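Notes for the one structure printed next.
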Amino acid sequence: MTEFTMDKGADGVAVITWDVPGRSMNVLSFEALEELDRLIDDALADDAVKGVVITSGKKDFAGGMDLKVLARMRDAAGDDPAQGLFDGIMRMHQALRKIERAGMDPKTLKGGKPIAAALPGTAVGIGLEIPLATHRIFAADNPKAKIGLPEIKVGIFPGAGGTTRLVRKLGAMAASPYLLEGKTVDPAKAKSAGIIDAVADNPLAAAKEWVLGAGDADIVKPWDAKGYKMPGGTPYHPSGFMTFVGASTMVNAQTHGAFPAAKALLSAVYEGALVPFDTALRIEARWFTHILMNPSSAAMIRSLFVNKEALEKGANRPEAPDQRVRKLGVLGAGMMGAGIALVSAQAGIEVVLIDRDQSAADKGKAYTESYLEKGQKRGKTTPETAAETLARITPTTDYAALQGCDLVIEAVFEDPKIKAEVTRAAEAHLPEDAIFATNTSTLPISDLAKASARPEQFIGIHFFSPVEKMLLVEIIKGRETGDRAVAKALDYVRQIRKTPIAVNDARFFYANRCIIPYINEGIRMVGEGVTPALIENAARQLGFPVGPLQLVDETSIDLGVKIAKATRAAMGESYPDDAVDEVLFWMADEGRLGRKANAGFYAYDESGKRTGLWEGLAAQYPPAEAQPELTEVQHRLMFAQVLEAVRALEEGVLEDIREGDVGAILGWGFAPWSGGPFGWLDMLGAARAAELCDALSATHGPRFDCPALLREMADKGESFYGRFGVEAEAA
Amino acid sequence: MTDAYIFDAVRTPRGKGRSDGGLHEVTAVRLSTTALDALKDRNGLEGHAVEDVIWGNVTQVGEQGACLARTAVLASGLDQSIPGVSINRFCASGLEAVNMAANQVRGGAGGGYIAGGVESMSRVPMGSDGGAIAADPSVAMDMYFVPQGIGADIIATEYGFTRDEADALAVESQRRAKAAWDDARFAKSIVPVRDVNGLTILDRDEHMRPETDMQSLGALKPSFKEQGEAMPGFDKVAMLKYPHLERVEHIHHAGNSSGIVDGAAAVLIGSKEWGEARGLTPRARIRATAKIGTDPTIMLTGPVPVTRKILRESGMEIGDIDLFEVNEAFAAVVMRFMQAFDVDPGRVNVNGGAIAMGHPLGATGAMILGTLLDEMERTDRETGLATLCIGSGMGAATILERV
């Protein structure tokens, strides 16, 4: 397969065009890199070639490394994977360094051929690392194009010289938002930041012109020239020292020490800054190897990229014609309904927003209006787009307006009676083939479906709050839900650009089933006298965005009480959470209902800002003399969740572990470094996990009993991705 | 085993460690030779009188670089046959120099030593020697590095010391230092710093603020709040190591932390025989020495475990010690020491400490040992213990016994 082609022009400029067949975006494979390297050899050896321009045959330059290749790199690296990976990375460095040196004499720095990059659009990851190795980067004036090195977002860092080159180009401080946060910018901003050299209407023409005019001095990189000084100073330069002290601190503080890639990146930057360029590349390769060897990076790439994308593209979509939604009915214009209307209207869907009185419906629409106003102030949307979006929402009290809707989502009170009423009222006006969805977070779908005349067209579409921010949508299939309803829900979620998981109907579905025990374990520990700060910090150090106590403050204590009462009623004698309820109900009795009451496990000031853990808690539940180890607290918080995930899989609620992992990270911020609950258990190993379950269960009770499936896997030495992974199925 | 004795101890006054400080014009070499020459002149140290000069010095770059100890010996009146070695145990360098010298004597490696140290903090700024523990991510992140001031604030938070308590300790340090100066209690040890013509440059600790009261301290802003809570956010790093803390209470400020000053101190140490041969009278026996490593994040709790260790190893109890010098690096360090051993504050730093008079890093250990010895003699006490907290999580201690 040819991915790079070279056209040697009569003007002496050889244009190398990157165009991966059958893909809309170029991504790099190792084979393709070898192709590029051969073309560079050819151009450098050919006396008729004066210089080279590397460009793309697509509207964008490149989207980066093929992450599927990257995710498997460790396994593909042979018996000595560290050596195999290191050699592979050094080969990349060698190829890119050849472009950078371009045949010049390394002593006199003369005799090289100018090589420029012409970027028609987006250039990220290795799509920017290759240009960074050239002598000059030209980009089209395309505000939609993204320039940057977002590798950190999938748990790795720029490992093809991008780290070393960007730091030497911009300085450690200026490079840090691009390296540590994976910030991408448009070409104009990339130019002003100094990442690229020029923005041009026709970057290819501009690059050719530059190549023809470039002299020896123009193609020597600053770091290859004598007297190079790193902008902002190296680590032991007075001006650089505090940058490096601050960088370690900020990364530790912001990631709570939970992301190995950021630390490896910083080490590559620090150690690289103290040595010559080629040595720095070798150091970068050592740390990049280190991070690829860390199971966390493969797990993050697998869940946050490969599997997330697969789910978004309909990996589990049943066979059915295109079900994209044209007109959506939303019942209930409260916070959830208003949010659903907003994201749907933004996706170009006509929305009928119904509530019991007109003012409530109008208020729901006003939510979109104020959201769009904020967007305009921040320059995220134009007045035209805002007006079009707003015009798509029709607030009304009249169910007859649902005529022509192909999907309805109800988001009314969590009361089966009210839900049944609106279901019947809506179906009276809906076309025969319309799908009816409920946004319930707690009520069984199959029970609610009884109110429907067409239960095979009834489904759960569970949004998370706030709708416009949360990336996950949980689709719940009732007993009678048909394939077309599932396809409809999936196609709709794709339209609104969120990530779907589709699970079967059982108490609390999947996400809440795992979140509730997490919250409960935290509350339970408060009752036991574990220092609340230890509970919260233990969770944050695991990479959770919020601790269990902060989380229940956000979702509200009275909702917790309501769920607890309902669960107790449903479970009867076997209800296991009395110890949790003691604390929870006491909080509710004290009027500490959470953030909405400006009083919960945390204290809040008048403006609603959290000021710290509530001191009154210590009076009621004084910290015990002997406090548990951090890891004990962390194991309790982790196992409370992951065992529910395993049970959901055992019970068939979860049909695909990819959905369990992606859903956990996107739905409630489950330790992203782990790749999700199943990824974490695989890292731990089933045997060790079962052992920990036994210990926890002996100390803390049967809620930590090892599920039969996990026990079986421990005995057989299996892993979740080995046994349930998609590749395993294919093989 | 041979016993090691202290025969003499001198120190320079401490000048404010700023460009307008009294000793800013004086080089680190000259501060060193001031102390070395005083010992030589007071004790007649001619020829190869001592085996070595062990010289504590923290920031060993620039004029303090290239083995300042040897440079100082050569620049002093001491014989060139006496070598010199610079050592760095951060804030306890001066005491560590004494301990090393004592242990060389006890082990029979030479009869006499000069030990002490110097720091010109105004001329060679603290931290200007870099350091991997702060800047190298592989180290800093794994060690949960935070600066000392944050460590001191963690101590306050962990052990429940309030800002008012810390301020009260600072006021008392100032009061005691003034009383000590007014009573000329440092007279035996102080060696004025003079210029090349013999003119006096500084003859008194100039960092003291005897007018300090709770109100004036109350007006000071916490020094480490900004870097702890905002940029770059050291508190969160601290909580990675101390996850049971919800926040770090920032109680330390310029007024209840040690002063940044310039100064030098030197101690003459030897065996009884070495002293007798020179007609010198021992003032105290160095009964025990100790050092220890502790958690690097909270960093400054070392005095407690190192004191436990030195007492255990010398078969003593806390009640056997008459007087204590606990370096006032930060108020919380001293408070934690008194809390842990439940000792009477009236026996700790009785002539004030580094909060009032300053903490010239490499010299302080030798200075407080001399202050301890002077006070033991003045009040006729038998035993004394000097201890310091140390950067990167260490502690050092010495027990003196009068002879």
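Lettering and numbering for the structure tokens are positional, with chains as A, B, ... in the shown order, residues counted from 1 in each chain, and ligands counted from 1 in the shown order.
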
| said: Report as a ChimeraX atom specification all protein, DNA and RNA residues lying within 10 Å of A:Gly594, evaluated on only C-alpha atoms, omitting residues in the same chain fewer than 3 positions from it. | reply: /A:549-559,587-588,591,597-604

With the cut-off set at 7 Å and counting only C-alpha atoms, tabulate each residue of chain B with an atom at most that distance from an atom of chain A, showing the nearest atom pair and its distance in Å to one decimal, ordered by chain and increasing number, as JSON lines.
{"residue": "B:Gly130", "atom": "CA", "partner": "A:Tyr236", "partner_atom": "CA", "distance": 5.8}
{"residue": "B:Ala134", "atom": "CA", "partner": "A:Val245", "partner_atom": "CA", "distance": 5.4}
{"residue": "B:Ala135", "atom": "CA", "partner": "A:Val245", "partner_atom": "CA", "distance": 4.6}
{"residue": "B:Asp136", "atom": "CA", "partner": "A:Tyr270", "partner_atom": "CA", "distance": 6.5}
{"residue": "B:Pro137", "atom": "CA", "partner": "A:Ser248", "partner_atom": "CA", "distance": 5.4}
{"residue": "B:Ser138", "atom": "CA", "partner": "A:Ser267", "partner_atom": "CA", "distance": 5.9}
{"residue": "B:Ala140", "atom": "CA", "partner": "A:Ser248", "partner_atom": "CA", "distance": 6.6}
{"residue": "B:Met141", "atom": "CA", "partner": "A:Ser248", "partner_atom": "CA", "distance": 6.0}
{"residue": "B:Pro232", "atom": "CA", "partner": "A:Gly246", "partner_atom": "CA", "distance": 5.4}
{"residue": "B:Gly233", "atom": "CA", "partner": "A:Met250", "partner_atom": "CA", "distance": 6.2}
{"residue": "B:Phe234", "atom": "CA", "partner": "A:Thr249", "partner_atom": "CA", "distance": 6.2}
{"residue": "B:Lys236", "atom": "CA", "partner": "A:Ala253", "partner_atom": "CA", "distance": 4.9}
{"residue": "B:Val237", "atom": "CA", "partner": "A:Ala253", "partner_atom": "CA", "distance": 5.2}
{"residue": "B:Leu240", "atom": "CA", "partner": "A:His256", "partner_atom": "CA", "distance": 6.7}
{"residue": "B:Pro243", "atom": "CA", "partner": "A:Leu534", "partner_atom": "CA", "distance": 5.1}
{"residue": "B:His244", "atom": "CA", "partner": "A:Leu534", "partner_atom": "CA", "distance": 4.0}
{"residue": "B:Leu245", "atom": "CA", "partner": "A:Ala533", "partner_atom": "CA", "distance": 5.8}
{"residue": "B:Glu246", "atom": "CA", "partner": "A:Ala533", "partner_atom": "CA", "distance": 4.9}

Atoms kept (C-alpha atoms) for selection, written as an mmCIF file, in the first residue's frame:
data_model
loop_
_atom_site.group_PDB
_atom_site.id
_atom_site.type_symbol
_atom_site.label_atom_id
_atom_site.label_comp_id
_atom_site.auth_asym_id
_atom_site.auth_seq_id
_atom_site.Cartn_x
_atom_site.Cartn_y
_atom_site.Cartn_z
ATOM 1 C CA GLY B 130 19.877 24.184 42.367
ATOM 2 C CA ALA B 134 13.221 20.097 43.802
ATOM 3 C CA ALA B 135 13.679 20.233 40.044
ATOM 4 C CA ASP B 136 14.013 16.656 38.781
ATOM 5 C CA PRO B 137 10.481 15.320 38.283
ATOM 6 C CA SER B 138 11.590 11.723 38.835
ATOM 7 C CA ALA B 140 10.465 15.647 43.207
ATOM 8 C CA MET B 141 7.234 13.905 42.287
ATOM 9 C CA PRO B 232 2.183 26.118 42.023
ATOM 10 C CA GLY B 233 -0.029 24.419 44.607
ATOM 11 C CA PHE B 234 2.287 22.690 47.069
ATOM 12 C CA LYS B 236 -2.096 19.455 47.190
ATOM 13 C CA VAL B 237 1.252 17.718 46.951
ATOM 14 C CA LEU B 240 -0.829 13.344 48.611
ATOM 15 C CA PRO B 243 -4.202 12.383 52.840
ATOM 16 C CA HIS B 244 -5.963 12.679 56.173
ATOM 17 C CA LEU B 245 -5.451 16.462 56.056
ATOM 18 C CA GLU B 246 -8.125 18.486 54.336
#

| field | Test item, alpha helix (DSSP H) assignment across stretch 116-209 of chain B, answer as a ChimeraX atom specification | value | /B:132-135,137-143,148-159,163-182

| task | Identify, on the basis of only C-alpha atoms, every residue whose closest approach to stretch 438-441 of chain A does not exceed 8 Å; exclude the query and any residue fewer than 4 positions from it along the same chain; express the result as a ChimeraX atom specification. | result | /A:409-411,414,445,458-463,508-509,512

| message | So that I can check the surroundings of A:Arg302, please list as number ranges by chain every protein, DNA and RNA residue that reaches within 9 Å of it, counting only C-alpha atoms and ignoring chain neighbours fewer than 5 positions away. | response | A: 67-68, 71, 154, 297, 307-308, 658, 675

Dump of N, CA and C atoms for the selected residues, as a PDB file, in the first residue's frame:
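The resulting file, again_24.pdb, is shown below:
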ATOM      1  N   LEU A  67      -3.595   4.864  16.589  1.00  0.00           N
ATOM      2  CA  LEU A  67      -3.600   4.475  18.008  1.00  0.00           C
ATOM      3  C   LEU A  67      -3.867   2.989  18.189  1.00  0.00           C
ATOM      4  N   LYS A  68      -4.503   2.391  17.194  1.00  0.00           N
ATOM      5  CA  LYS A  68      -4.707   0.941  17.305  1.00  0.00           C
ATOM      6  C   LYS A  68      -3.355   0.238  17.251  1.00  0.00           C
ATOM      7  N   ALA A  71      -1.676   0.942  20.635  1.00  0.00           N
ATOM      8  CA  ALA A  71      -2.231   0.165  21.739  1.00  0.00           C
ATOM      9  C   ALA A  71      -1.656  -1.242  21.763  1.00  0.00           C
ATOM     10  N   VAL A 154      -4.573  10.669  25.853  1.00  0.00           N
ATOM     11  CA  VAL A 154      -4.834   9.228  25.842  1.00  0.00           C
ATOM     12  C   VAL A 154      -3.804   8.478  26.677  1.00  0.00           C
ATOM     13  N   SER A 297      -1.098   3.026  29.997  1.00  0.00           N
ATOM     14  CA  SER A 297      -1.222   3.725  28.713  1.00  0.00           C
ATOM     15  C   SER A 297      -2.031   2.897  27.721  1.00  0.00           C
ATOM     16  N   ASN A 307     -12.035   2.074  21.912  1.00  0.00           N
ATOM     17  CA  ASN A 307     -13.367   1.547  22.213  1.00  0.00           C
ATOM     18  C   ASN A 307     -14.432   2.631  22.284  1.00  0.00           C
ATOM     19  N   LYS A 308     -14.037   3.802  22.742  1.00  0.00           N
ATOM     20  CA  LYS A 308     -14.984   4.930  22.761  1.00  0.00           C
ATOM     21  C   LYS A 308     -15.459   5.191  21.333  1.00  0.00           C
ATOM     22  N   ARG A 658     -16.433  -3.407  27.070  1.00  0.00           N
ATOM     23  CA  ARG A 658     -15.999  -2.092  26.560  1.00  0.00           C
ATOM     24  C   ARG A 658     -16.967  -1.013  27.045  1.00  0.00           C
ATOM     25  N   GLY A 675      -8.262   2.726  32.677  1.00  0.00           N
ATOM     26  CA  GLY A 675      -9.000   2.241  31.512  1.00  0.00           C
ATOM     27  C   GLY A 675     -10.396   1.758  31.867  1.00  0.00           C
TER      28      GLY A 675
END

| request: Fewer than 2 positions away in the same chain doesn't count, so skip those; otherwise give me all residues within 12 Å of A:Gly121, counting only C-alpha atoms, as an MDAnalysis selection string. | output: chainID A and resid 25:26 55:63 117:119 123:124 127:128 138:148 185:188 199:204

Dump N, CA and C atoms for the selected residues as a CSV table (one decimal), in the first residue's frame?
chain,number,residue,atom,x,y,z
A,25,MET,N,-8.7,10.5,7.0
A,25,MET,CA,-7.6,11.3,7.7
A,25,MET,C,-6.3,10.4,7.7
A,26,ASN,N,-5.2,11.1,7.4
A,26,ASN,CA,-3.9,10.3,7.5
A,26,ASN,C,-3.6,10.0,8.9
A,55,THR,N,3.6,17.3,2.2
A,55,THR,CA,2.2,17.8,2.3
A,55,THR,C,1.2,16.6,2.3
A,56,SER,N,0.0,17.0,2.3
A,56,SER,CA,-1.1,15.9,2.4
A,56,SER,C,-2.0,16.0,1.2
A,57,GLY,N,-2.5,14.8,0.8
A,57,GLY,CA,-3.5,14.8,-0.3
A,57,GLY,C,-4.9,14.9,0.2
A,58,LYS,N,-5.0,15.1,1.5
A,58,LYS,CA,-6.4,15.2,2.1
A,58,LYS,C,-6.6,16.7,2.6
A,59,LYS,N,-7.8,16.9,3.1
A,59,LYS,CA,-8.0,18.3,3.5
A,59,LYS,C,-7.3,18.6,4.8
A,60,ASP,N,-6.9,17.6,5.5
A,60,ASP,CA,-6.0,17.7,6.7
A,60,ASP,C,-4.7,17.1,6.5
A,61,PHE,N,-3.7,17.5,7.3
A,61,PHE,CA,-2.4,16.9,7.1
A,61,PHE,C,-2.4,15.5,7.8
A,62,ALA,N,-2.6,15.4,9.1
A,62,ALA,CA,-2.6,14.1,9.7
A,62,ALA,C,-3.2,14.1,11.1
A,63,GLY,N,-3.8,13.0,11.5
A,63,GLY,CA,-4.5,12.9,12.8
A,63,GLY,C,-3.6,12.3,13.8
A,117,ALA,N,7.3,21.8,5.5
A,117,ALA,CA,6.0,21.1,5.6
A,117,ALA,C,4.9,22.1,5.2
A,118,ALA,N,3.9,21.6,4.4
A,118,ALA,CA,2.8,22.4,4.0
A,118,ALA,C,1.5,21.7,4.5
A,119,LEU,N,0.9,22.3,5.5
A,119,LEU,CA,-0.3,21.7,6.2
A,119,LEU,C,-1.6,22.3,5.7
A,123,ALA,N,-3.1,19.1,12.0
A,123,ALA,CA,-1.9,18.4,12.1
A,123,ALA,C,-1.7,18.2,13.6
A,124,VAL,N,-2.0,17.0,14.0
A,124,VAL,CA,-1.8,16.7,15.5
A,124,VAL,C,-1.0,15.4,15.7
A,127,GLY,N,1.4,13.9,13.3
A,127,GLY,CA,1.1,14.8,12.3
A,127,GLY,C,1.7,16.1,12.5
A,128,LEU,N,2.1,16.5,13.7
A,128,LEU,CA,2.8,17.7,13.9
A,128,LEU,C,4.3,17.4,14.2
A,138,PHE,N,4.5,25.6,7.0
A,138,PHE,CA,3.5,26.5,6.5
A,138,PHE,C,2.1,25.8,6.7
A,139,ALA,N,1.1,26.6,7.2
A,139,ALA,CA,-0.2,26.0,7.4
A,139,ALA,C,-1.2,26.9,6.7
A,140,ALA,N,-2.3,26.3,6.1
A,140,ALA,CA,-3.3,27.0,5.5
A,140,ALA,C,-4.1,27.9,6.5
A,141,ASP,N,-4.6,29.0,6.1
A,141,ASP,CA,-5.3,29.9,7.0
A,141,ASP,C,-6.7,29.3,7.2
A,142,ASN,N,-6.8,28.2,8.0
A,142,ASN,CA,-8.0,27.5,8.2
A,142,ASN,C,-8.3,27.4,9.7
A,143,PRO,N,-9.3,28.3,10.1
A,143,PRO,CA,-9.5,28.4,11.6
A,143,PRO,C,-10.1,27.1,12.2
A,144,LYS,N,-10.5,26.2,11.3
A,144,LYS,CA,-11.0,24.9,11.9
A,144,LYS,C,-9.9,23.9,12.1
A,145,ALA,N,-8.8,24.2,11.5
A,145,ALA,CA,-7.7,23.2,11.6
A,145,ALA,C,-7.1,23.2,13.1
A,146,LYS,N,-6.7,22.1,13.5
A,146,LYS,CA,-6.2,21.9,14.9
A,146,LYS,C,-4.7,21.6,14.8
A,147,ILE,N,-3.9,22.4,15.5
A,147,ILE,CA,-2.4,22.1,15.5
A,147,ILE,C,-2.1,21.8,16.9
A,148,GLY,N,-1.4,20.7,17.2
A,148,GLY,CA,-1.0,20.4,18.5
A,148,GLY,C,-0.5,19.0,18.8
A,185,VAL,N,-4.4,24.3,18.9
A,185,VAL,CA,-4.8,25.6,18.5
A,185,VAL,C,-5.0,25.7,17.0
A,186,ASP,N,-5.6,26.8,16.6
A,186,ASP,CA,-5.7,26.9,15.1
A,186,ASP,C,-4.4,27.5,14.5
A,187,PRO,N,-4.3,27.4,13.2
A,187,PRO,CA,-3.0,27.8,12.6
A,187,PRO,C,-2.5,29.2,13.0
A,188,ALA,N,-3.5,30.2,13.1
A,188,ALA,CA,-3.0,31.6,13.4
A,188,ALA,C,-2.4,31.6,14.8
A,199,VAL,N,1.5,31.2,8.2
A,199,VAL,CA,0.2,30.9,7.7
A,199,VAL,C,0.1,31.4,6.3
A,200,ALA,N,-0.4,30.6,5.4
A,200,ALA,CA,-0.4,31.1,4.0
A,200,ALA,C,-1.7,30.6,3.3
A,201,ASP,N,-2.2,31.4,2.3
A,201,ASP,CA,-3.4,31.0,1.6
A,201,ASP,C,-3.2,29.7,0.9
A,202,ASN,N,-2.0,29.6,0.3
A,202,ASN,CA,-1.6,28.4,-0.4
A,202,ASN,C,-0.3,27.9,0.2
A,203,PRO,N,-0.4,27.0,1.2
A,203,PRO,CA,0.8,26.7,2.0
A,203,PRO,C,1.8,25.9,1.1
A,204,LEU,N,1.3,25.1,0.1
A,204,LEU,CA,2.2,24.3,-0.7
A,204,LEU,C,3.0,25.3,-1.6

| Excluding same-chain residues fewer than 2 positions from stretch 262-267 of chain B, what lies within 8 Å of it counting only C-alpha atoms, as a PyMOL selection string? | chain B and resi 6-17+23-24+31-32+34-36+39+94+98+114-122+260+269+360+362-364+366-367+370

Could you pull the residues within 10 Å of A:Gly404, counting only C-alpha atoms, minus those fewer than 4 positions along the same chain, as a compact mmCIF listing (two decimals) with C-alpha atoms, in the first residue's frame?
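Saved to around_17.txt:
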# COMPACT_ATOMS: atom_id res chain seq x y z
CA ARG A 326 -35.70 14.64 12.69
CA LYS A 327 -38.19 15.85 15.25
CA LEU A 328 -37.89 15.22 18.96
CA GLY A 329 -40.47 15.59 21.68
CA ALA A 400 -50.82 17.63 19.88
CA HIS A 429 -50.50 12.04 19.24
CA LEU A 430 -47.39 10.23 18.08
CA PRO A 431 -46.98 8.49 14.76
CA GLU A 432 -47.29 4.70 15.00
CA ALA A 434 -42.31 6.73 16.88

| query | Which residue, A:Ala579, A:Leu109, A:Ala76, A:Ala387, has the smallest gap to A:Glu528 when you use only C-alpha atoms? | reply |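 The closest residue to A:Glu528 is A:Ala579.
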
| message | To test your reading of the structure, identify every residue in stretch 155-356 of chain B that backbone DSSP assigns to strand (DSSP E or B), and report it as a PyMOL selection string. | response | chain B and resi 190+193-194+200-202+257+261-270+284-293+323-326+330+348

What does the file look like for those residues with N, CA and C atoms, as a short mmCIF file (atom, residue, chain, number, x, y, z; two decimals), in the first residue's frame?
data_model
loop_
_atom_site.label_atom_id
_atom_site.label_comp_id
_atom_site.auth_asym_id
_atom_site.auth_seq_id
_atom_site.Cartn_x
_atom_site.Cartn_y
_atom_site.Cartn_z
N ILE B 190 31.39 35.90 71.07
CA ILE B 190 31.26 36.81 69.92
C ILE B 190 32.61 37.38 69.49
N VAL B 193 33.31 41.31 63.44
CA VAL B 193 33.86 41.22 62.09
C VAL B 193 34.50 42.57 61.77
N ARG B 194 35.79 42.53 61.38
CA ARG B 194 36.53 43.78 61.13
C ARG B 194 36.98 43.83 59.69
N THR B 200 35.90 48.04 62.91
CA THR B 200 34.76 47.15 63.15
C THR B 200 33.66 47.34 62.11
N ILE B 201 33.24 46.23 61.54
CA ILE B 201 32.11 46.27 60.59
C ILE B 201 30.82 45.91 61.31
N LEU B 202 30.85 44.87 62.15
CA LEU B 202 29.65 44.49 62.90
C LEU B 202 30.07 43.76 64.16
N SER B 257 9.44 32.81 61.67
CA SER B 257 10.37 31.90 61.01
C SER B 257 11.77 32.46 61.23
N VAL B 261 20.34 35.43 57.47
CA VAL B 261 21.47 36.24 57.96
C VAL B 261 22.80 35.69 57.44
N ASP B 262 23.85 36.46 57.64
CA ASP B 262 25.22 36.06 57.33
C ASP B 262 25.97 35.83 58.64
N GLY B 263 26.87 34.84 58.62
CA GLY B 263 27.66 34.63 59.84
C GLY B 263 28.50 33.37 59.75
N ALA B 264 29.41 33.24 60.74
CA ALA B 264 30.27 32.06 60.81
C ALA B 264 30.51 31.70 62.26
N ALA B 265 30.84 30.43 62.49
CA ALA B 265 31.12 29.97 63.85
C ALA B 265 32.13 28.85 63.79
N ALA B 266 32.97 28.73 64.83
CA ALA B 266 33.97 27.67 64.85
C ALA B 266 34.13 27.13 66.27
N VAL B 267 34.37 25.82 66.34
CA VAL B 267 34.50 25.13 67.62
C VAL B 267 35.82 24.36 67.60
N LEU B 268 36.54 24.44 68.72
CA LEU B 268 37.80 23.72 68.82
C LEU B 268 37.56 22.43 69.61
N ILE B 269 37.90 21.32 68.98
CA ILE B 269 37.57 20.01 69.55
C ILE B 269 38.84 19.17 69.63
N GLY B 270 38.96 18.41 70.69
CA GLY B 270 40.13 17.53 70.77
C GLY B 270 40.02 16.55 71.91
N ALA B 284 33.78 21.16 77.92
CA ALA B 284 32.69 20.18 77.99
C ALA B 284 33.07 18.95 77.19
N ARG B 285 32.50 17.84 77.60
CA ARG B 285 32.68 16.60 76.85
C ARG B 285 31.51 16.47 75.86
N ILE B 286 31.87 16.04 74.67
CA ILE B 286 30.80 15.74 73.71
C ILE B 286 30.35 14.32 74.00
N ARG B 287 29.25 14.21 74.71
CA ARG B 287 28.85 12.91 75.22
C ARG B 287 28.28 12.02 74.12
N ALA B 288 27.50 12.61 73.23
CA ALA B 288 26.87 11.77 72.18
C ALA B 288 26.55 12.62 70.96
N THR B 289 26.51 11.95 69.83
CA THR B 289 26.10 12.61 68.58
C THR B 289 25.12 11.69 67.88
N ALA B 290 24.26 12.27 67.07
CA ALA B 290 23.30 11.43 66.33
C ALA B 290 22.78 12.16 65.11
N LYS B 291 22.39 11.38 64.13
CA LYS B 291 21.70 11.92 62.95
C LYS B 291 20.68 10.89 62.48
N ILE B 292 19.67 11.37 61.75
CA ILE B 292 18.60 10.45 61.32
C ILE B 292 17.90 11.02 60.09
N GLY B 293 17.30 10.13 59.31
CA GLY B 293 16.47 10.56 58.17
C GLY B 293 15.00 10.41 58.53
N LEU B 323 19.41 21.73 79.66
CA LEU B 323 19.13 22.84 78.74
C LEU B 323 19.06 22.33 77.31
N PHE B 324 18.20 22.97 76.55
CA PHE B 324 18.03 22.58 75.14
C PHE B 324 18.25 23.77 74.22
N GLU B 325 18.92 23.50 73.10
CA GLU B 325 18.89 24.44 71.98
C GLU B 325 18.23 23.69 70.82
N VAL B 326 17.06 24.15 70.44
CA VAL B 326 16.35 23.55 69.31
C VAL B 326 16.24 24.65 68.26
N PHE B 330 11.61 27.30 62.20
CA PHE B 330 10.23 27.79 62.17
C PHE B 330 9.65 27.53 63.56
N VAL B 348 14.25 25.69 77.07
CA VAL B 348 14.50 25.58 75.64
C VAL B 348 14.83 26.96 75.06
#

Please report as JSON lines every residue of stretch 402-427 of chain A lying within 12 Å of stretch 346-349 of chain A, along with the nearest atom pair and their distance in Å (one decimal), using only C-alpha atoms.
{"residue": "A:Cys405", "atom": "CA", "partner": "A:Ile349", "partner_atom": "CA", "distance": 10.4}
{"residue": "A:Asp406", "atom": "CA", "partner": "A:Ile349", "partner_atom": "CA", "distance": 10.8}
{"residue": "A:Leu407", "atom": "CA", "partner": "A:Ile349", "partner_atom": "CA", "distance": 10.6}

| task | Using only C-alpha atoms, find the one residue out of A:Val49, A:Ile99, A:Leu696, A:Leu70 that sits nearest to A:Asp37. | result |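 Closest residue, counting only C-alpha atoms: A:Ile99.
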